[in-house]
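Structure first, commentary second.
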Amino acid sequence: MKKKKIFTSICKNGLLLLYSLFALFPLFWMILISFKSDAQMFNTTFIFSPTLENYDAVLLRTNYFRYFKDSVIVSVCAVAVSVLAGVPAAYALARYNFKKKEDLAFQILSFKFAPEILVVLPLFMIYQKAGLYDTYTGLIWVYQLITMPLLIWVIRGYFEDISVEIEHAAQVDGYSWWQVFLKRLLPLIKPGLVSASLLAFIFAWNNFTFPLQLSGTKVETITVASLKYIASDTVHYGQMAVAAAVSALPAVIFALLIQKHLVRGLSFGAVKG
Amino acid sequence: MAKIELTGVTKRFGKMTALNDINLEIRNNEFFVLFGPAGAGKTTLLNSIAGIQLPEQGVIKFDGEIINKIDPAHRNVAVVFENYALYPNLTVYKNIASPLRSPLYKKDRETIDKEVKRVAAMLRIEKLLDRLPSQLSNGQRQRVAIGRALVRSPRVFLMDEPLAHLDAKLRHYMRSELKEMQSSFNSTCIYVTHDFMEAMSLGDRIAIINQGRIVQIGTREEVYYMPCNEFVAALVGEPEINFVEGRLVKQDEECFVQIMNLDLISVPQGHELENRLCSGEITELHLGFRPQNLKYCFEEKKGCLHGTVYSFESIGNKAVLIAKAGDTLLRMIAPNDLKVKLDQDVFIELPIEKAIFFDARTTDYIGIFDEEAVRRLSQEPQCREVI
C-alpha cells in the first residue's frame, strides 16, 4: 500500500517535472542567449563568457524605454476602457432581459474568433481615412477586440452567480443603486475582475499584428520594436533576447502578485456556498 | 408603524398575470399573513410593497401617502428574503449592521454595536458574529437574514417565509419569538408563508391568495370555520378537510339534506342556514367535515356511513385513520394505540351540525350552523389591542 503511494507520487512528480522542463526551457534558453555575445552565439551552448553587452546595447543605446512606455500606455488604457465599458455591459447581459440578448453576447464573443490578420487590412484603410493610424487612441480602440470579450464573459458569469435578491436587500437596507453597485457588487466580482483584467492585459501586451499594421513611427509597441534587432546585415539574437526578456517582465510580475486570485478568479463563481 | 393600502394592484410578467386586481388594507401594527400555495403570487405581492417590483396598475399607499414611485430605500421597509440574500463577503456582524451603516439610516458606532448584539442574542447567533455566511447552516443563515431586518425599526416588516428552512424545534421557538417581538415593536408586519400552522398561529388576520387573486381575508377563526370556498377549506387545516357529496331534497314544503346515500336529515327551521340553503336554486351540495369532527366505530350503527379502513398512519401523539366509503376517502383523527386491520369494516358518523356547506356547482361557501359563535370567537379582544 505504502509502496504504491510512493510510486504514484514519483510518477506524478516525474511527469510534472518533465512538463515544467518542456515549458520553461525556451525561457531559460532566451535568458541564456541574452548574455551571449554575437560571436559566441552559434559556437557555444552552456559554457561561454557571459557579457552584459546586449543589455547595454538594447536598454541604453536604443529607444527601448520609449517602446516600453508606448506598450504600457496602450495596454493599460485598453484594459481600463474595457473595464469601464465591459463591467456595465456584463451587468446588463446578466440582469436584464432584452431582445436578442444571447445573440448580442455571442456577437461580442465572436470578435475573438476571427484571426486578427483577417480584419487588419480593412481596419488599416479605415484608420488611414479616419486619422486613427499611428495614434494611441487608434490602438487602444482596436485592442478592445482582444480585451473586451474576455472581460465581459468572465464578469457576466460572476454577476449571474450573485442572486438578484442581494441587490434588493441592499436597496432595502438604504443604499442607492450606485452604492449597491460599488459597495455590495464590486467586492463580489473582484476576483473575476482582477484575473480577467490581468489576462486581458497580457493579451494586449503580447499583441503583434495590430500594432504592426496600425501604427508606424509615433506609437511603437515593444512587440513590433523587437523586430528592429534584425538588421540588414545580421540578426542580433542576443539583443532580441534581451528585448523579449525585459518585455515579459510586467506580465510575470503581475501574474506573481495576483497568483492567488488568478486561478480561483477564473474557475470559481462569485458566491461560494 | 404604517397602515398599508393596496388598490387594484396588478402585476404581469409577460403574458402571465402574477397579481390580479389586489385590494388590501393592512391596519397599523397588524400582523398580517399572506397565505397560499406555491406560485400564488405571495412573494410578488410582498416585493410590490417593498418596491422591488413595480406593479403595472394600482396604487400602494403607506399611511395614505402614495408610494408607487418611491424606491425601496426610501420606503423604509425591512425585508427578510426567502433565500436569505446575505452578503457573502461580509461577516454575520457586518451583514446585520448593514442597514445601520447605509447612508440613509446611519447610526453611530455604539448604537450599531448595541443593536447588533441585541438582535443576535434574541436570535441565538451571538457566537456566529465573526463567521461568513458560507460557514453557516441554512437555519443559521435564515436567522441572520431575520436579524438584518429586525435591527432596524422600519414602518413595516416584510417577511418572505422566514422560518421555512429552520428545524422544527427552532421554528416553534422562532414563531413565538416573532409574535412576541412584533407586539413589543409596535410595527406592522406582513408575513408570507405556505405553512398553515404559521399562518394560524401568527396572523392577526390572514389573506389567502390563489393564482394572483385574494380569495379570502379574515381572522384565523373565520378562515378556519367559515372558508369562503372549498379551496380555502382544503388549504387550511391538517389533515385536510373531508368533502362529502350531498343533495337537497324538498318534500311537502320542507327542506332535507341527504348525505351520500344516508337518510334524509331535516334542516333546522327558522335558521339563517335554512334560508340560504332552501330559498335558492341549489340542489347539489358538498359538505366539509374537519377530520377531528368525524367519529368512527366498528359496530354497525344507525345513520352511520359504511366504509373500509384504507390506511392508518401514526403521526406522533395521534394517528390519522383514512376510511374509504364508496369513492370517497375520509380522514379522521384516532388515538395512536388504535388496533385496526386494513380493509376492516368501519362506520363513520357525520355530525351535520359541524359540517361546512358548499355549493357543489360553484364550490362557494353557503354556511355553517353556528356562524355567531365563530364571530364571537374572532372578535374576542386580544390583549395587545387593548393596550
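Chain labels follow the order of the C-alpha cells: the first chain is A, the next B, and so on; residue numbering restarts at 1 in every chain, and ligands are counted from 1 in their shown order.
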Identify every residue of chain A that has at least one atom within 6 Å of any atom of chain B, counting only C-alpha atoms, and report the result as a PyMOL selection string. chain A and resi 165-166+171-175+273
Residue selection dump (N, CA and C atoms) as a PDB file, in the first residue's frame:
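Here's the written file selection_21.pdb:
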ATOM      1  N   GLU A 165     -31.530  38.965  -5.311  1.00  0.00           N
ATOM      2  CA  GLU A 165     -32.046  39.380  -4.003  1.00  0.00           C
ATOM      3  C   GLU A 165     -30.989  40.120  -3.187  1.00  0.00           C
ATOM      4  N   ILE A 166     -29.731  39.833  -3.450  1.00  0.00           N
ATOM      5  CA  ILE A 166     -28.685  40.552  -2.711  1.00  0.00           C
ATOM      6  C   ILE A 166     -28.752  42.035  -3.050  1.00  0.00           C
ATOM      7  N   GLN A 171     -30.724  47.445  -1.481  1.00  0.00           N
ATOM      8  CA  GLN A 171     -31.595  48.612  -1.723  1.00  0.00           C
ATOM      9  C   GLN A 171     -32.497  48.854  -0.521  1.00  0.00           C
ATOM     10  N   VAL A 172     -33.068  47.770  -0.011  1.00  0.00           N
ATOM     11  CA  VAL A 172     -33.964  47.907   1.137  1.00  0.00           C
ATOM     12  C   VAL A 172     -33.186  48.415   2.358  1.00  0.00           C
ATOM     13  N   ASP A 173     -31.915  47.993   2.459  1.00  0.00           N
ATOM     14  CA  ASP A 173     -31.082  48.452   3.572  1.00  0.00           C
ATOM     15  C   ASP A 173     -30.839  49.955   3.527  1.00  0.00           C
ATOM     16  N   GLY A 174     -31.127  50.575   2.396  1.00  0.00           N
ATOM     17  CA  GLY A 174     -30.985  52.028   2.324  1.00  0.00           C
ATOM     18  C   GLY A 174     -29.848  52.507   1.447  1.00  0.00           C
ATOM     19  N   TYR A 175     -29.403  51.667   0.517  1.00  0.00           N
ATOM     20  CA  TYR A 175     -28.351  52.096  -0.394  1.00  0.00           C
ATOM     21  C   TYR A 175     -28.965  52.461  -1.746  1.00  0.00           C
ATOM     22  N   GLY A 273     -20.983  28.528  -1.939  1.00  0.00           N
ATOM     23  CA  GLY A 273     -21.977  28.083  -0.969  1.00  0.00           C
ATOM     24  C   GLY A 273     -21.402  27.315   0.184  1.00  0.00           C
TER      25      GLY A 273
END
Within 9 Å of B:Gly39, counting only C-alpha atoms, which residues show up once you throw out same-chain ones fewer than 2 positions away? Write them as an MDAnalysis selection string, please. chainID B and resid 18 36:37 41:43 210:212
Residue subset to file, keeping C-alpha atoms, as a PDB file, in the first residue's frame:
ATOM      1  CA  ALA B  18     -48.856  37.328 -11.208  1.00  0.00           C
ATOM      2  CA  GLY B  36     -51.327  30.441  -0.241  1.00  0.00           C
ATOM      3  CA  PRO B  37     -49.903  27.576  -2.240  1.00  0.00           C
ATOM      4  CA  GLY B  41     -48.146  35.416  -6.078  1.00  0.00           C
ATOM      5  CA  LYS B  42     -47.346  35.900  -2.408  1.00  0.00           C
ATOM      6  CA  THR B  43     -43.743  36.904  -2.952  1.00  0.00           C
ATOM      7  CA  ASN B 210     -54.508  31.821  -5.126  1.00  0.00           C
ATOM      8  CA  GLN B 211     -53.423  32.440  -8.706  1.00  0.00           C
ATOM      9  CA  GLY B 212     -52.735  36.102  -8.124  1.00  0.00           C
TER      10      GLY B 212
END
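Neighbouring residues of stretch 40-54 of chain A at 7 Å or closer, counting only C-alpha atoms and skipping chain neighbours under 4 positions away, are Ser34, Phe35, Lys36, Val58, Gly238, Gln239 and Val242 of chain A.
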Which of stretch 95-264 of chain B DSSP labels strand (DSSP E or B), written as a ChimeraX atom specification: /B:156-160,188-193,205-210,213-218,229,242-251,254-259,264
Residue selection dump (C-alpha atoms) as a JSON list (two decimals), in the first residue's frame:
[["chain", "number", "residue", "atom", "x", "y", "z"],
["B", 156, "VAL", "CA", -43.26, 47.75, 8.02],
["B", 157, "PHE", "CA", -41.54, 44.38, 8.25],
["B", 158, "LEU", "CA", -41.94, 42.21, 5.19],
["B", 159, "MET", "CA", -41.07, 38.58, 5.75],
["B", 160, "ASP", "CA", -40.96, 36.02, 2.98],
["B", 188, "THR", "CA", -46.83, 46.49, 11.02],
["B", 189, "CYS", "CA", -45.69, 43.13, 9.78],
["B", 190, "ILE", "CA", -46.59, 41.32, 6.57],
["B", 191, "TYR", "CA", -45.66, 37.71, 6.66],
["B", 192, "VAL", "CA", -45.69, 35.30, 3.73],
["B", 193, "THR", "CA", -45.99, 31.60, 4.35],
["B", 205, "ARG", "CA", -55.61, 38.45, 10.01],
["B", 206, "ILE", "CA", -54.88, 36.10, 7.17],
["B", 207, "ALA", "CA", -55.24, 36.76, 3.46],
["B", 208, "ILE", "CA", -55.46, 33.68, 1.31],
["B", 209, "ILE", "CA", -54.07, 34.07, -2.16],
["B", 210, "ASN", "CA", -54.51, 31.82, -5.13],
["B", 213, "ARG", "CA", -56.06, 36.86, -6.52],
["B", 214, "ILE", "CA", -57.07, 37.32, -2.93],
["B", 215, "VAL", "CA", -59.57, 34.62, -2.14],
["B", 216, "GLN", "CA", -60.41, 35.47, 1.44],
["B", 217, "ILE", "CA", -59.30, 37.84, 4.17],
["B", 218, "GLY", "CA", -60.25, 37.08, 7.72],
["B", 229, "ASN", "CA", -64.87, 28.29, -0.82],
["B", 242, "ASN", "CA", -63.13, 15.90, 4.04],
["B", 243, "PHE", "CA", -65.64, 16.74, 1.35],
["B", 244, "VAL", "CA", -68.73, 14.59, 1.13],
["B", 245, "GLU", "CA", -71.36, 14.82, -1.56],
["B", 246, "GLY", "CA", -74.87, 15.73, -0.53],
["B", 247, "ARG", "CA", -78.22, 16.69, -2.03],
["B", 248, "LEU", "CA", -81.02, 19.00, -1.07],
["B", 249, "VAL", "CA", -84.39, 17.29, -1.11],
["B", 250, "LYS", "CA", -87.65, 19.21, -0.86],
["B", 251, "GLN", "CA", -90.69, 17.30, 0.40],
["B", 254, "GLU", "CA", -89.88, 21.10, 3.90],
["B", 255, "CYS", "CA", -86.19, 21.01, 3.23],
["B", 256, "PHE", "CA", -83.96, 17.99, 3.83],
["B", 257, "VAL", "CA", -80.30, 17.27, 3.37],
["B", 258, "GLN", "CA", -79.19, 13.87, 2.20],
["B", 259, "ILE", "CA", -75.54, 12.96, 2.68],
["B", 264, "LEU", "CA", -82.73, 12.46, 4.99]]
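Look at A:Pro187: the protein and nucleic acid residues within 12 Å of it, using only C-alpha atoms and passing over chain neighbours fewer than 6 places away, are Tyr158, Phe159, Ile162, Gln179, Val180, Phe181, Leu193, Val194, Ala270 and Val271 of chain A; Tyr87, Pro88, Asn89 and Leu90 of chain B.
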For stretch 283-295 of chain B, find every residue with an atom within 9 Å (counting only C-alpha atoms), except residues of its own chain fewer than 6 positions away, and show them as an NGL selection string. :B and (230 or 233 or 237-249 or 257 or 259 or 277 or 320 or 330-334 or 347-352 or 354-361 or 363)
Please produce an output containing N, CA and C atoms for each residue in the selection, written as an mmCIF file, in the first residue's frame.
data_model
loop_
_atom_site.group_PDB
_atom_site.id
_atom_site.type_symbol
_atom_site.label_atom_id
_atom_site.label_comp_id
_atom_site.auth_asym_id
_atom_site.auth_seq_id
_atom_site.Cartn_x
_atom_site.Cartn_y
_atom_site.Cartn_z
ATOM 1 N N GLU B 230 -64.243 26.019 -1.295
ATOM 2 C CA GLU B 230 -63.620 24.736 -0.981
ATOM 3 C C GLU B 230 -62.103 24.803 -1.029
ATOM 4 N N ALA B 233 -60.966 25.988 2.303
ATOM 5 C CA ALA B 233 -61.220 24.937 3.288
ATOM 6 C C ALA B 233 -60.157 23.852 3.210
ATOM 7 N N GLY B 237 -55.868 23.729 7.481
ATOM 8 C CA GLY B 237 -56.181 22.544 8.277
ATOM 9 C C GLY B 237 -55.349 21.360 7.867
ATOM 10 N N GLU B 238 -54.919 20.610 8.871
ATOM 11 C CA GLU B 238 -54.085 19.440 8.631
ATOM 12 C C GLU B 238 -54.479 18.380 9.652
ATOM 13 N N PRO B 239 -54.887 17.212 9.320
ATOM 14 C CA PRO B 239 -55.091 16.695 7.957
ATOM 15 C C PRO B 239 -56.195 17.474 7.228
ATOM 16 N N GLU B 240 -56.199 17.319 5.939
ATOM 17 C CA GLU B 240 -57.092 18.111 5.113
ATOM 18 C C GLU B 240 -58.565 17.801 5.411
ATOM 19 N N ILE B 241 -59.397 18.813 5.180
ATOM 20 C CA ILE B 241 -60.840 18.658 5.380
ATOM 21 C C ILE B 241 -61.393 17.581 4.433
ATOM 22 N N ASN B 242 -62.470 16.898 4.892
ATOM 23 C CA ASN B 242 -63.131 15.896 4.036
ATOM 24 C C ASN B 242 -64.324 16.529 3.332
ATOM 25 N N PHE B 243 -64.445 16.282 2.069
ATOM 26 C CA PHE B 243 -65.637 16.736 1.354
ATOM 27 C C PHE B 243 -66.516 15.523 1.042
ATOM 28 N N VAL B 244 -67.795 15.671 1.387
ATOM 29 C CA VAL B 244 -68.733 14.587 1.134
ATOM 30 C C VAL B 244 -69.855 15.137 0.271
ATOM 31 N N GLU B 245 -70.286 14.339 -0.683
ATOM 32 C CA GLU B 245 -71.356 14.823 -1.558
ATOM 33 C C GLU B 245 -72.697 14.753 -0.849
ATOM 34 N N GLY B 246 -73.538 15.732 -1.123
ATOM 35 C CA GLY B 246 -74.870 15.727 -0.531
ATOM 36 C C GLY B 246 -75.877 16.317 -1.499
ATOM 37 N N ARG B 247 -77.175 16.143 -1.166
ATOM 38 C CA ARG B 247 -78.222 16.685 -2.034
ATOM 39 C C ARG B 247 -79.240 17.391 -1.164
ATOM 40 N N LEU B 248 -79.900 18.349 -1.752
ATOM 41 C CA LEU B 248 -81.018 18.997 -1.065
ATOM 42 C C LEU B 248 -82.300 18.381 -1.593
ATOM 43 N N VAL B 249 -83.123 17.912 -0.695
ATOM 44 C CA VAL B 249 -84.390 17.291 -1.111
ATOM 45 C C VAL B 249 -85.534 18.099 -0.525
ATOM 46 N N VAL B 257 -81.628 17.501 3.938
ATOM 47 C CA VAL B 257 -80.300 17.272 3.372
ATOM 48 C C VAL B 257 -80.056 15.772 3.367
ATOM 49 N N ILE B 259 -76.987 13.124 2.855
ATOM 50 C CA ILE B 259 -75.544 12.964 2.684
ATOM 51 C C ILE B 259 -75.289 11.603 2.070
ATOM 52 N N LEU B 277 -79.921 27.821 2.216
ATOM 53 C CA LEU B 277 -79.952 26.524 1.557
ATOM 54 C C LEU B 277 -81.196 26.352 0.703
ATOM 55 N N VAL B 320 -53.751 9.243 12.003
ATOM 56 C CA VAL B 320 -54.761 9.576 11.007
ATOM 57 C C VAL B 320 -55.301 8.272 10.425
ATOM 58 N N LEU B 330 -62.140 9.325 3.589
ATOM 59 C CA LEU B 330 -62.427 10.180 4.732
ATOM 60 C C LEU B 330 -61.290 10.091 5.740
ATOM 61 N N ARG B 331 -60.738 11.255 6.084
ATOM 62 C CA ARG B 331 -59.645 11.298 7.064
ATOM 63 C C ARG B 331 -60.212 11.574 8.451
ATOM 64 N N MET B 332 -59.727 10.832 9.428
ATOM 65 C CA MET B 332 -60.198 11.023 10.799
ATOM 66 C C MET B 332 -59.022 10.983 11.743
ATOM 67 N N ILE B 333 -59.180 11.639 12.893
ATOM 68 C CA ILE B 333 -58.146 11.583 13.928
ATOM 69 C C ILE B 333 -58.473 10.418 14.851
ATOM 70 N N ALA B 334 -57.489 9.608 15.144
ATOM 71 C CA ALA B 334 -57.687 8.452 16.014
ATOM 72 C C ALA B 334 -56.565 8.414 17.038
ATOM 73 N N PHE B 347 -67.562 2.200 10.586
ATOM 74 C CA PHE B 347 -68.774 3.011 10.417
ATOM 75 C C PHE B 347 -68.490 4.427 10.871
ATOM 76 N N ILE B 348 -68.839 5.378 10.012
ATOM 77 C CA ILE B 348 -68.445 6.766 10.265
ATOM 78 C C ILE B 348 -69.680 7.616 10.500
ATOM 79 N N GLU B 349 -69.607 8.357 11.579
ATOM 80 C CA GLU B 349 -70.712 9.244 11.900
ATOM 81 C C GLU B 349 -70.373 10.639 11.386
ATOM 82 N N LEU B 350 -71.299 11.223 10.606
ATOM 83 C CA LEU B 350 -71.059 12.551 10.056
ATOM 84 C C LEU B 350 -71.961 13.542 10.784
ATOM 85 N N PRO B 351 -71.447 14.266 11.782
ATOM 86 C CA PRO B 351 -72.305 15.167 12.556
ATOM 87 C C PRO B 351 -72.625 16.422 11.750
ATOM 88 N N ILE B 352 -73.871 16.523 11.314
ATOM 89 C CA ILE B 352 -74.224 17.600 10.376
ATOM 90 C C ILE B 352 -74.092 18.974 10.999
ATOM 91 N N LYS B 354 -71.703 20.038 12.568
ATOM 92 C CA LYS B 354 -70.310 20.514 12.428
ATOM 93 C C LYS B 354 -69.923 20.716 10.958
ATOM 94 N N ALA B 355 -70.836 20.469 10.051
ATOM 95 C CA ALA B 355 -70.492 20.495 8.632
ATOM 96 C C ALA B 355 -70.396 21.930 8.108
ATOM 97 N N ILE B 356 -69.536 22.095 7.102
ATOM 98 C CA ILE B 356 -69.486 23.355 6.366
ATOM 99 C C ILE B 356 -70.128 23.093 5.009
ATOM 100 N N PHE B 357 -71.140 23.885 4.673
ATOM 101 C CA PHE B 357 -71.900 23.635 3.439
ATOM 102 C C PHE B 357 -71.325 24.420 2.273
ATOM 103 N N PHE B 358 -71.112 23.706 1.170
ATOM 104 C CA PHE B 358 -70.640 24.375 -0.048
ATOM 105 C C PHE B 358 -71.594 24.044 -1.187
ATOM 106 N N ASP B 359 -71.730 25.012 -2.098
ATOM 107 C CA ASP B 359 -72.483 24.772 -3.316
ATOM 108 C C ASP B 359 -71.616 23.902 -4.236
ATOM 109 N N ALA B 360 -72.112 22.748 -4.626
ATOM 110 C CA ALA B 360 -71.293 21.832 -5.417
ATOM 111 C C ALA B 360 -70.966 22.409 -6.787
ATOM 112 N N ARG B 361 -71.840 23.267 -7.297
ATOM 113 C CA ARG B 361 -71.630 23.798 -8.646
ATOM 114 C C ARG B 361 -70.489 24.835 -8.655
ATOM 115 N N THR B 363 -68.577 25.674 -5.857
ATOM 116 C CA THR B 363 -67.686 25.386 -4.722
ATOM 117 C C THR B 363 -67.641 26.523 -3.716
#
What is the atom CA of B:Leu377 to atom CA of B:Ile265 distance in Å?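 Separation of atom CA of B:Leu377 and atom CA of B:Ile265: 28.0 Å.
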With a distance cut-off of 6 Å and only C-alpha atoms, select the neighbouring residues of stretch 74-86 of chain A, excluding the residue or stretch itself and same-chain residues fewer than 2 positions from it, and output the selection as a list in words. Ser71, Val72, Pro88, Ala89, Ala90, Ile140, Met148, Ile152, Phe201, Ala204 and Trp205 of chain A
Please dump the current selection as a PDB file, in the first residue's frame; keep N, CA and C atoms.
ATOM      1  N   SER A  71       3.960  50.684 -25.056  1.00  0.00           N
ATOM      2  CA  SER A  71       3.259  49.428 -24.779  1.00  0.00           C
ATOM      3  C   SER A  71       2.430  49.548 -23.509  1.00  0.00           C
ATOM      4  N   VAL A  72       3.057  50.143 -22.478  1.00  0.00           N
ATOM      5  CA  VAL A  72       2.339  50.298 -21.214  1.00  0.00           C
ATOM      6  C   VAL A  72       1.097  51.167 -21.406  1.00  0.00           C
ATOM      7  N   PRO A  88     -20.308  47.364 -16.922  1.00  0.00           N
ATOM      8  CA  PRO A  88     -21.737  47.656 -17.104  1.00  0.00           C
ATOM      9  C   PRO A  88     -22.390  46.764 -18.160  1.00  0.00           C
ATOM     10  N   ALA A  89     -21.637  46.486 -19.251  1.00  0.00           N
ATOM     11  CA  ALA A  89     -22.191  45.631 -20.302  1.00  0.00           C
ATOM     12  C   ALA A  89     -22.469  44.238 -19.759  1.00  0.00           C
ATOM     13  N   ALA A  90     -21.511  43.735 -18.964  1.00  0.00           N
ATOM     14  CA  ALA A  90     -21.686  42.401 -18.380  1.00  0.00           C
ATOM     15  C   ALA A  90     -22.885  42.397 -17.433  1.00  0.00           C
ATOM     16  N   ILE A 140      -5.672  51.695 -28.840  1.00  0.00           N
ATOM     17  CA  ILE A 140      -6.489  51.347 -27.679  1.00  0.00           C
ATOM     18  C   ILE A 140      -7.854  50.852 -28.149  1.00  0.00           C
ATOM     19  N   MET A 148     -11.962  43.204 -24.502  1.00  0.00           N
ATOM     20  CA  MET A 148     -13.356  43.338 -24.054  1.00  0.00           C
ATOM     21  C   MET A 148     -14.122  42.014 -23.964  1.00  0.00           C
ATOM     22  N   ILE A 152     -15.976  40.740 -20.565  1.00  0.00           N
ATOM     23  CA  ILE A 152     -17.433  40.709 -20.458  1.00  0.00           C
ATOM     24  C   ILE A 152     -17.906  39.310 -20.093  1.00  0.00           C
ATOM     25  N   PHE A 201      -4.800  42.188 -20.039  1.00  0.00           N
ATOM     26  CA  PHE A 201      -3.566  42.975 -20.140  1.00  0.00           C
ATOM     27  C   PHE A 201      -2.483  42.178 -20.862  1.00  0.00           C
ATOM     28  N   ALA A 204      -3.218  41.996 -24.540  1.00  0.00           N
ATOM     29  CA  ALA A 204      -2.962  43.281 -25.183  1.00  0.00           C
ATOM     30  C   ALA A 204      -1.460  43.515 -25.298  1.00  0.00           C
ATOM     31  N   TRP A 205      -0.768  43.212 -24.218  1.00  0.00           N
ATOM     32  CA  TRP A 205       0.691  43.435 -24.188  1.00  0.00           C
ATOM     33  C   TRP A 205       1.387  42.609 -25.262  1.00  0.00           C
TER      34      TRP A 205
END
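For A:Ile155, the residues within 8 Å (counting only C-alpha atoms, excluding itself and residues fewer than 5 positions away along the chain) are Val87, Ala90, Tyr91, Ile189, Gly192, Leu193 and Ala196 of chain A.
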Quick one: write out the picked residues with N, CA and C atoms as a short mmCIF file (atom, residue, chain, number, x, y, z; two decimals), in the first residue's frame?
data_model
loop_
_atom_site.label_atom_id
_atom_site.label_comp_id
_atom_site.auth_asym_id
_atom_site.auth_seq_id
_atom_site.Cartn_x
_atom_site.Cartn_y
_atom_site.Cartn_z
N VAL A 87 -17.77 46.16 -17.67
CA VAL A 87 -18.48 45.76 -16.45
C VAL A 87 -19.97 46.12 -16.53
N ALA A 90 -21.51 43.73 -18.96
CA ALA A 90 -21.69 42.40 -18.38
C ALA A 90 -22.89 42.40 -17.43
N TYR A 91 -23.03 43.48 -16.68
CA TYR A 91 -24.16 43.58 -15.75
C TYR A 91 -25.48 43.53 -16.52
N ILE A 189 -17.45 40.73 -7.34
CA ILE A 189 -16.91 40.38 -8.66
C ILE A 189 -15.40 40.62 -8.71
N GLY A 192 -12.91 37.94 -10.12
CA GLY A 192 -13.07 37.79 -11.56
C GLY A 192 -12.52 38.98 -12.31
N LEU A 193 -12.81 40.15 -11.76
CA LEU A 193 -12.38 41.39 -12.42
C LEU A 193 -10.86 41.44 -12.48
N ALA A 196 -9.51 38.57 -14.88
CA ALA A 196 -9.85 38.84 -16.29
C ALA A 196 -9.06 40.04 -16.80
#
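Considering only C-alpha atoms, the residue among A:Leu150, A:Leu104, A:Cys11, A:Leu27 positioned nearest to A:Phe203 is A:Leu150.
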